[in-house]
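Peer 1: Mind looking over this structure? Questions follow.
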Amino acid sequence: MISQPGNQGAQFGAQVQNVPVSADYVIGPGDEIRVTVWGSVEGNWNVTVDRDGNISLPKIGILGITGLKFQEFKEVLQNEFSKYYTDFQMNVSMGALKSIRIYVVGNARNPGAFLVSSLSTVINGLISAGGPSKSGSMRNIQLKRNGETVANIDLYDFLIRGNKARDVKLMPEDVIFIPPIGSLVGIAGNVERPAIYEMKGRIRLSEAIKLAGGVTADAYLHRVQVERVHQRKSKVLLDLDLQKVRGNDDILLQDGDIIKVFPITSL
């Protein structure tokens, strides 16, 4: 762990590859479609959606499909073939997928415009830009679409808790904005993940300990120390008994606080 959990090289995972296409995938120019028909009629076609959003198939002719979801397109194609043939079966799948252009701006390691897979999410977009820089927030990443913020992503949910539920699929011309880093607290000593953590709002001492994975088995709970800068003039030390920290005794942390958890020492 360094300044923030998971920020070493911003390695969030591999780029999107061989991800199944969901029923709500929106088809657009550049997508490759594979159609196989058998029964009273047999055929196998690979077609690519042109820049006008059309495909061309024998007998069916030119069909405008841009903007259709994958499930809707399969239903449309079934209906079109049914006008000319009976007693047939059809399989429709996606081949190579289109790329979309997105922007990663603000406090990114490598801000700029990027071409990514049309199946990419915010996390995949962050990979392209190397993730947040040292001065970038990991807890308030904003997805902007048509000038409006449509989602706020907290990377701690993913990096610490393994929760990807709030990750959002990207659309063409989306902007991922990484604001400056927020307030920080340091946690050192006998905790599972000693590091410097970005706070999301005000948090209490017990919450910070949980954020660091809790204390280790050899942590001395009767003396936990909080080092704090007082009015930008001096430093003060607060000694607390972690086993008695609850209610109002569970102090609110301030920007720049350093928490030290000491080990049990032999008598």
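Labels for the structure tokens follow display order: chains A, B, ..., residues from 1 in each chain, ligands from 1.
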As a PDB file with C-alpha atoms, in the first residue's frame, please: every residue in range 16-146 of chain A that a backbone DSSP assignment puts in strand (DSSP E).

Peer 2:
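What follows is the written file out.pdb:
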```pdb
ATOM      1  CA  GLU A  32     -19.663  -6.818 -36.946  1.00  0.00           C
ATOM      2  CA  ILE A  33     -22.734  -9.080 -36.957  1.00  0.00           C
ATOM      3  CA  ARG A  34     -22.721 -12.802 -37.702  1.00  0.00           C
ATOM      4  CA  VAL A  35     -25.944 -14.349 -38.993  1.00  0.00           C
ATOM      5  CA  THR A  36     -26.449 -18.086 -39.539  1.00  0.00           C
ATOM      6  CA  VAL A  37     -29.708 -19.515 -40.939  1.00  0.00           C
ATOM      7  CA  TRP A  38     -30.599 -23.167 -41.487  1.00  0.00           C
ATOM      8  CA  GLY A  39     -33.692 -25.228 -42.353  1.00  0.00           C
ATOM      9  CA  GLY A  43     -26.839 -19.160 -45.200  1.00  0.00           C
ATOM     10  CA  ASN A  44     -23.948 -17.730 -43.213  1.00  0.00           C
ATOM     11  CA  TRP A  45     -23.133 -14.004 -43.375  1.00  0.00           C
ATOM     12  CA  ASN A  46     -20.713 -11.686 -41.629  1.00  0.00           C
ATOM     13  CA  VAL A  47     -21.746  -8.067 -42.098  1.00  0.00           C
ATOM     14  CA  THR A  48     -20.462  -4.805 -40.647  1.00  0.00           C
ATOM     15  CA  ASN A  54     -27.100   0.034 -42.232  1.00  0.00           C
ATOM     16  CA  ILE A  55     -26.353  -3.590 -43.074  1.00  0.00           C
ATOM     17  CA  SER A  56     -27.075  -5.468 -46.290  1.00  0.00           C
ATOM     18  CA  LEU A  57     -28.277  -9.087 -46.432  1.00  0.00           C
ATOM     19  CA  GLY A  61     -31.687  -5.908 -48.700  1.00  0.00           C
ATOM     20  CA  ILE A  62     -30.546  -2.849 -46.773  1.00  0.00           C
ATOM     21  CA  LEU A  63     -31.664  -2.702 -43.156  1.00  0.00           C
ATOM     22  CA  GLY A  64     -31.152   0.303 -40.854  1.00  0.00           C
ATOM     23  CA  PHE A  88     -36.095 -22.010 -40.509  1.00  0.00           C
ATOM     24  CA  GLN A  89     -33.906 -21.363 -37.487  1.00  0.00           C
ATOM     25  CA  MET A  90     -31.520 -18.489 -36.925  1.00  0.00           C
ATOM     26  CA  ASN A  91     -28.513 -17.700 -34.792  1.00  0.00           C
ATOM     27  CA  VAL A  92     -27.267 -14.118 -34.443  1.00  0.00           C
ATOM     28  CA  SER A  93     -24.040 -13.168 -32.660  1.00  0.00           C
ATOM     29  CA  MET A  94     -21.646 -10.248 -32.509  1.00  0.00           C
ATOM     30  CA  SER A  99     -14.585   1.333 -30.671  1.00  0.00           C
ATOM     31  CA  ILE A 100     -15.843   4.474 -28.970  1.00  0.00           C
ATOM     32  CA  ARG A 101     -14.027   7.699 -28.130  1.00  0.00           C
ATOM     33  CA  ILE A 102     -14.019   8.882 -24.529  1.00  0.00           C
ATOM     34  CA  TYR A 103     -12.120  11.534 -22.588  1.00  0.00           C
ATOM     35  CA  VAL A 104     -10.329  11.235 -19.256  1.00  0.00           C
ATOM     36  CA  VAL A 105      -9.536  14.660 -17.823  1.00  0.00           C
ATOM     37  CA  GLY A 106      -8.591  16.325 -14.568  1.00  0.00           C
ATOM     38  CA  GLY A 112      -6.570  12.748 -23.004  1.00  0.00           C
ATOM     39  CA  ALA A 113      -8.907  11.211 -25.578  1.00  0.00           C
ATOM     40  CA  PHE A 114      -8.975   7.412 -25.881  1.00  0.00           C
ATOM     41  CA  LEU A 115     -10.505   4.786 -28.161  1.00  0.00           C
ATOM     42  CA  VAL A 116     -11.904   1.956 -26.056  1.00  0.00           C
ATOM     43  CA  SER A 117     -14.121  -1.057 -26.613  1.00  0.00           C
ATOM     44  CA  ILE A 141     -14.669  10.216  -9.895  1.00  0.00           C
ATOM     45  CA  GLN A 142     -17.366  11.782 -12.059  1.00  0.00           C
ATOM     46  CA  LEU A 143     -18.841  10.446 -15.302  1.00  0.00           C
ATOM     47  CA  LYS A 144     -20.159  13.303 -17.447  1.00  0.00           C
ATOM     48  CA  ARG A 145     -22.482  12.756 -20.402  1.00  0.00           C
TER      49      ARG A 145
END
```

Peer 1: May I have all residues of range 138-188 of chain A that DSSP, computed from the backbone, assigns to alpha helix (DSSP H), given as a CSV table (one decimal) with C-alpha atoms, in the first residue's frame?

Peer 2:
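After the write, part13.csv holds the following:
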```csv
chain,number,residue,atom,x,y,z
A,155,LEU,CA,-12.8,3.4,-6.4
A,156,TYR,CA,-12.5,2.2,-2.8
A,157,ASP,CA,-15.7,0.2,-3.3
A,158,PHE,CA,-13.8,-1.8,-6.0
A,159,LEU,CA,-10.2,-1.8,-4.7
```

Peer 1: Determine the nearest neighbour of Glu198 in chain A from the options A:Asp24, A:Asp257, A:Asp239, A:Glu148, counting only C-alpha atoms.

Peer 2: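 Comparing A:Asp24, A:Asp257, A:Asp239, A:Glu148 against Glu198 in chain A, the winner is A:Asp257.
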
Peer 1: Do you have the CA of Val261 in chain A-CA of Val215 in chain A distance handy?

Peer 2: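 According to the coordinates, CA of Val261 in chain A and CA of Val215 in chain A are separated by 7.8 Å.
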
Peer 1: Which distance in Å separates CA of Leu237 in chain A and CA of Met199 in chain A, to one decimal?

Peer 2: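 Interatomic distance, CA of Leu237 in chain A to CA of Met199 in chain A: 20.4 Å.
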
Peer 1: Do you have the CA of Lys98 in chain A-CA of Pro111 in chain A distance handy?

Peer 2: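 Between CA of Lys98 in chain A and CA of Pro111 in chain A the gap is 22.2 Å.
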
Peer 1: Let me make sure I understand: among A:Asn110, A:Asn79, A:Gln71, A:Ser183, which one has the smallest atom-to-atom distance to Met138 in chain A if we use only C-alpha atoms?

Peer 2: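 Once distances to Met138 in chain A are computed over only C-alpha atoms, the minimum belongs to A:Ser183.
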
Peer 1: Rank A:Asn140, A:Asn124, A:Ser82, A:Gln225 by their smallest atom-to-atom distance to Asp167 in chain A, using only C-alpha atoms, and report the top residue only.

Peer 2: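 Among A:Asn140, A:Asn124, A:Ser82, A:Gln225, it is A:Asn124 that comes nearest to Asp167 in chain A.
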